[in-house]
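Structure below is start00.csv: CSV, C-alpha atoms.
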chain,number,residue,atom,x,y,z
C,1,MET,CA,13.1,-26.2,52.9
C,2,ILE,CA,13.0,-29.9,52.0
C,3,SER,CA,10.9,-30.8,49.0
C,4,LYS,CA,8.0,-33.3,49.2
C,5,SER,CA,9.6,-35.6,46.7
C,6,LEU,CA,12.8,-35.8,48.8
C,7,ILE,CA,10.7,-36.6,51.9
C,8,SER,CA,8.9,-39.3,50.0
C,9,ILE,CA,12.2,-40.9,48.9
C,10,VAL,CA,13.5,-40.8,52.5
C,11,ASN,CA,10.3,-42.4,53.7
C,12,ILE,CA,10.5,-45.2,51.1
C,13,ILE,CA,14.2,-45.9,52.0
C,14,THR,CA,13.3,-46.0,55.7
C,15,ALA,CA,10.4,-48.3,55.1
C,16,ILE,CA,12.5,-50.7,53.0
C,17,THR,CA,15.4,-50.7,55.6
C,18,PHE,CA,13.0,-51.6,58.4
C,19,GLN,CA,11.5,-54.4,56.3
C,20,LEU,CA,15.0,-55.8,55.6
C,21,ASN,CA,15.9,-55.2,59.3
C,22,ILE,CA,19.0,-53.1,58.5
C,23,ALA,CA,19.9,-49.6,59.6
C,24,PRO,CA,19.2,-46.8,57.1
C,25,ALA,CA,22.9,-45.9,56.8
C,26,GLN,CA,23.8,-49.4,55.8
C,27,ALA,CA,21.2,-49.4,53.1
C,28,ILE,CA,22.7,-46.5,51.2
C,29,THR,CA,26.5,-47.0,51.8
C,30,LYS,CA,28.5,-49.1,49.3
C,31,THR,CA,30.3,-52.3,50.4
C,32,GLN,CA,34.0,-51.9,51.3
C,33,ASN,CA,36.6,-54.2,50.0
C,34,PRO,CA,38.3,-56.6,52.4
C,35,VAL,CA,41.7,-55.8,54.0
C,36,LEU,CA,44.6,-58.0,55.0
C,37,GLU,CA,46.4,-56.7,58.0
C,38,ILE,CA,49.7,-58.1,59.4
C,39,PRO,CA,50.8,-55.9,62.3
C,40,LYS,CA,54.3,-57.4,62.7
C,41,ILE,CA,55.3,-56.3,59.2
C,42,THR,CA,53.2,-53.2,59.1
C,43,LEU,CA,51.0,-54.4,56.3
C,44,LYS,CA,47.5,-53.2,55.8
C,45,GLN,CA,46.3,-53.7,52.3
C,46,GLU,CA,42.9,-53.8,50.6
C,47,PHE,CA,42.2,-56.6,48.1
C,48,TYR,CA,39.7,-57.2,45.4
C,49,PRO,CA,38.4,-60.8,45.2
C,50,ASN,CA,35.5,-59.9,42.8
C,51,ASP,CA,37.4,-57.5,40.4
C,52,LYS,CA,39.2,-59.5,37.7
C,53,GLU,CA,41.4,-56.6,36.7
C,54,LYS,CA,42.5,-55.7,40.2
C,55,ASN,CA,42.6,-59.2,41.6
C,56,ASN,CA,46.0,-59.9,40.0
C,57,VAL,CA,49.4,-60.6,41.5
C,58,ASP,CA,50.9,-58.1,39.1
C,59,LYS,CA,48.6,-55.3,40.5
C,60,GLY,CA,48.6,-56.2,44.3
C,61,LEU,CA,47.2,-58.9,46.4
C,62,GLN,CA,45.6,-61.8,44.5
C,63,VAL,CA,42.9,-63.9,45.9
C,64,ILE,CA,43.2,-67.4,44.3
C,65,GLU,CA,40.1,-68.5,42.5
C,66,THR,CA,39.3,-71.5,44.8
C,67,SER,CA,39.3,-69.3,47.9
C,68,LYS,CA,36.5,-68.9,50.4
C,69,MET,CA,36.0,-65.7,52.3
C,70,PRO,CA,36.5,-65.8,56.1
C,71,ASN,CA,32.8,-66.1,56.8
C,72,VAL,CA,32.6,-69.5,55.2
C,73,LYS,CA,32.9,-72.4,57.7
C,74,SER,CA,36.0,-74.5,57.1
C,75,GLY,CA,36.9,-72.3,54.1
C,76,ASN,CA,40.4,-71.3,53.0
C,77,LEU,CA,41.2,-67.7,51.9
C,78,ILE,CA,44.3,-68.0,49.7
C,79,ILE,CA,46.2,-64.8,49.0
C,80,ALA,CA,49.3,-64.5,46.9
C,81,SER,CA,51.6,-61.5,46.4
C,82,HIS,CA,55.1,-60.6,45.3
C,83,SER,CA,58.1,-60.5,47.7
C,84,GLY,CA,60.5,-58.5,45.6
C,85,SER,CA,61.3,-54.8,45.9
C,86,SER,CA,58.7,-53.2,43.6
C,87,SER,CA,55.8,-51.0,44.8
C,88,ILE,CA,53.4,-54.0,44.5
C,89,ALA,CA,55.6,-56.4,46.5
C,90,TYR,CA,53.2,-56.4,49.5
C,91,PHE,CA,54.7,-59.7,50.8
C,92,LYS,CA,58.3,-58.5,50.7
C,93,ASN,CA,58.5,-58.8,54.6
C,94,LEU,CA,56.4,-62.0,54.9
C,95,ASP,CA,59.7,-63.9,55.6
C,96,LYS,CA,59.8,-62.1,59.0
C,97,LEU,CA,56.7,-64.0,60.2
C,98,ASN,CA,57.0,-66.9,62.6
C,99,ILE,CA,54.7,-69.5,64.1
C,100,ASN,CA,52.1,-67.9,66.4
C,101,ASP,CA,52.3,-64.5,64.6
C,102,VAL,CA,48.9,-63.0,63.7
C,103,ALA,CA,47.1,-61.7,60.6
C,104,TYR,CA,43.7,-60.1,60.3
C,105,ILE,CA,41.2,-60.0,57.6
C,106,HIS,CA,38.7,-57.2,57.9
C,107,TYR,CA,35.6,-58.2,55.9
C,108,LYS,CA,32.0,-57.1,55.9
C,109,ASN,CA,32.4,-55.1,59.2
C,110,GLN,CA,34.0,-58.1,60.9
C,111,THR,CA,37.6,-58.7,61.9
C,112,TYR,CA,38.9,-62.3,61.6
C,113,LYS,CA,42.1,-63.1,63.5
C,114,TYR,CA,44.3,-65.8,62.2
C,115,VAL,CA,47.3,-67.3,64.0
C,116,ILE,CA,50.2,-68.6,61.9
C,117,ASN,CA,50.4,-72.4,62.5
C,118,ASN,CA,52.7,-73.7,59.7
C,119,ILE,CA,55.3,-72.3,57.3
C,120,TYR,CA,56.8,-74.4,54.6
C,121,ASP,CA,58.6,-74.1,51.2
C,122,VAL,CA,57.7,-75.7,47.9
C,123,GLU,CA,59.2,-75.7,44.5
C,124,LYS,CA,57.8,-73.0,42.2
C,125,THR,CA,55.9,-75.0,39.6
C,126,GLY,CA,52.7,-73.0,39.3
C,127,TYR,CA,50.9,-75.4,41.6
C,128,VAL,CA,50.9,-75.5,45.4
C,129,ASN,CA,49.8,-78.4,47.6
C,130,ILE,CA,48.3,-76.6,50.6
C,131,LYS,CA,48.8,-78.6,53.8
C,132,ARG,CA,46.0,-77.6,56.2
C,133,ASP,CA,43.4,-78.9,58.6
C,134,LYS,CA,40.3,-78.8,56.4
C,135,THR,CA,38.0,-78.6,59.4
C,136,LYS,CA,39.3,-75.2,60.3
C,137,GLN,CA,38.8,-71.7,58.7
C,138,THR,CA,42.2,-71.0,57.2
C,139,LEU,CA,44.2,-68.1,55.8
C,140,THR,CA,46.9,-69.2,53.3
C,141,LEU,CA,49.5,-66.7,52.2
C,142,ILE,CA,51.8,-67.5,49.3
C,143,THR,CA,54.9,-65.7,48.0
C,144,CYS,CA,58.1,-66.4,46.3
C,145,LYS,CA,61.2,-67.1,48.4
C,146,LYS,CA,63.8,-64.5,47.6
C,147,ASN,CA,66.7,-65.6,45.4
C,148,THR,CA,65.4,-69.2,45.0
C,149,ASN,CA,63.1,-71.2,42.8
C,150,LYS,CA,60.7,-71.8,45.7
C,151,GLN,CA,57.6,-70.4,47.2
C,152,THR,CA,56.8,-70.0,50.9
C,153,ILE,CA,53.4,-71.0,52.2
C,154,TYR,CA,52.1,-69.5,55.5
C,155,ILE,CA,49.1,-71.3,57.0
C,156,GLY,CA,47.0,-69.5,59.7
C,157,TYR,CA,43.9,-70.7,61.5
C,158,LEU,CA,41.1,-68.6,62.8
C,159,ALA,CA,41.6,-67.8,66.4
C,160,PRO,CA,38.8,-68.9,68.8
Could you render the structure as structure tokens?
Amino acid sequence: MISKSLISIVNIITAITFQLNIAPAQAITKTQNPVLEIPKITLKQEFYPNDKEKNNVDKGLQVIETSKMPNVKSGNLIIASHSGSSSIAYFKNLDKLNINDVAYIHYKNQTYKYVINNIYDVEKTGYVNIKRDKTKQTLTLITCKKNTNKQTIYIGYLAP
């Protein structure tokens, strides 16, 4: 038998969710972290843009501070990761990507498809000049180029 206080709590949650115009299940489930998926290299990895401890290239994928999430018009989501052989080298196979390959960002119950449009190398100096069309929603992936003092930049634009 359900207690009267539990019924009252359910009624309150239901009333609030209808006022906010959201489904009751959405109101009580926690937000999921975004995921980067690149099918060609069998990568599907969660990342933590709002968690300073976990949003670190030495722990996994790092979202660069100036990034904008995919739902921001003309924004640029910039993600960096290692390309070596360690367990956190999520970008170790990024060098297999070519122009027109795809990457997905799963974020807030939406999937954003990006098509790789440009790939270029820069000297590893701690600074990267990102060459992109600033009118388009962009995904930028950055990793070290193996056995060099360079970094490779992958620019993808949101598919229509």
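For Asn100 in chain C, the non-local neighbours within 7 Å, defined as residues at least 3 positions apart in the same chain or in other chains and counting all atoms listed in the file, are Val115, Ile116 and Asn117 of chain C.
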Write the residues of the preceding selection, restricted to C-alpha atoms, as a short mmCIF file (atom, residue, chain, number, x, y, z; two decimals), in the coordinates of the input.
data_model
loop_
_atom_site.label_atom_id
_atom_site.label_comp_id
_atom_site.auth_asym_id
_atom_site.auth_seq_id
_atom_site.Cartn_x
_atom_site.Cartn_y
_atom_site.Cartn_z
CA VAL C 115 47.30 -67.30 64.00
CA ILE C 116 50.20 -68.60 61.90
CA ASN C 117 50.40 -72.40 62.50
#
If you count only C-alpha atoms, which residues fall within 12 Å of Lys146 in chain C, apart from same-chain ones fewer than 3 positions away, as a PyMOL selection string? chain C and resi 82-85+89+91-95+121+124+143+149-152
Pick out the residues sitting within 7 Å of Ile38 in chain C, and hand them over as a count of residues only; count only C-alpha atoms, and ignore anything fewer than 2 positions along from it in its own chain. 9
Taking 2 positions as the minimum chain separation for residues in the same chain, which residues sit within 12 Å of Tyr127 in chain C when counting only C-alpha atoms? Answer as a PDB file with C-alpha atoms, keeping the file's coordinate frame.
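Ended up saving to around.pdb:
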ATOM      1  CA  ILE C  64      43.200 -67.400  44.300  1.00  0.00           C
ATOM      2  CA  VAL C 122      57.700 -75.700  47.900  1.00  0.00           C
ATOM      3  CA  GLU C 123      59.200 -75.700  44.500  1.00  0.00           C
ATOM      4  CA  LYS C 124      57.800 -73.000  42.200  1.00  0.00           C
ATOM      5  CA  THR C 125      55.900 -75.000  39.600  1.00  0.00           C
ATOM      6  CA  ASN C 129      49.800 -78.400  47.600  1.00  0.00           C
ATOM      7  CA  ILE C 130      48.300 -76.600  50.600  1.00  0.00           C
ATOM      8  CA  ILE C 142      51.800 -67.500  49.300  1.00  0.00           C
ATOM      9  CA  LYS C 150      60.700 -71.800  45.700  1.00  0.00           C
ATOM     10  CA  GLN C 151      57.600 -70.400  47.200  1.00  0.00           C
ATOM     11  CA  ILE C 153      53.400 -71.000  52.200  1.00  0.00           C
TER      12      ILE C 153
END
Tell me which protein, DNA and RNA residues are within 8 Å of Tyr112 in chain C, counting all atoms listed in the file, leaving out same-chain ones fewer than 6 positions away, and put them as a PyMOL selection string. chain C and resi 70+104-106+158-159
Please produce a file of the residues just selected, as an mmCIF file, in the coordinates of the input, where the atoms kept are C-alpha atoms.
data_model
loop_
_atom_site.group_PDB
_atom_site.id
_atom_site.type_symbol
_atom_site.label_atom_id
_atom_site.label_comp_id
_atom_site.auth_asym_id
_atom_site.auth_seq_id
_atom_site.Cartn_x
_atom_site.Cartn_y
_atom_site.Cartn_z
ATOM 1 C CA PRO C 70 36.500 -65.800 56.100
ATOM 2 C CA TYR C 104 43.700 -60.100 60.300
ATOM 3 C CA ILE C 105 41.200 -60.000 57.600
ATOM 4 C CA HIS C 106 38.700 -57.200 57.900
ATOM 5 C CA LEU C 158 41.100 -68.600 62.800
ATOM 6 C CA ALA C 159 41.600 -67.800 66.400
#
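Residues having any atom no farther than 8 Å from (39.5, -68.0, 60.0) (counting all atoms listed in the file) are Pro70, Asn71, Ser74, Gly75, Asn76, Tyr112, Lys113, Tyr114, Lys136, Gln137, Thr138, Leu139, Gly156, Tyr157, Leu158 and Ala159 of chain C.
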Can you write just those residues out, C-alpha atoms, as a compact mmCIF listing (two decimals), in the frame of the given file?
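out_10.txt, written as the output of this step:
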# COMPACT_ATOMS: atom_id res chain seq x y z
CA PRO C 70 36.50 -65.80 56.10
CA ASN C 71 32.80 -66.10 56.80
CA SER C 74 36.00 -74.50 57.10
CA GLY C 75 36.90 -72.30 54.10
CA ASN C 76 40.40 -71.30 53.00
CA TYR C 112 38.90 -62.30 61.60
CA LYS C 113 42.10 -63.10 63.50
CA TYR C 114 44.30 -65.80 62.20
CA LYS C 136 39.30 -75.20 60.30
CA GLN C 137 38.80 -71.70 58.70
CA THR C 138 42.20 -71.00 57.20
CA LEU C 139 44.20 -68.10 55.80
CA GLY C 156 47.00 -69.50 59.70
CA TYR C 157 43.90 -70.70 61.50
CA LEU C 158 41.10 -68.60 62.80
CA ALA C 159 41.60 -67.80 66.40
What is the CA of Ile88 in chain C-CA of Thr111 in chain C distance in Å, reported with one decimal? 24.0 Å
Work out how far apart CA of Met69 in chain C and CA of Lys131 in chain C are and give it in Å to one decimal.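 Taking CA of Met69 in chain C as the start and CA of Lys131 in chain C as the end point, the length is 18.2 Å.
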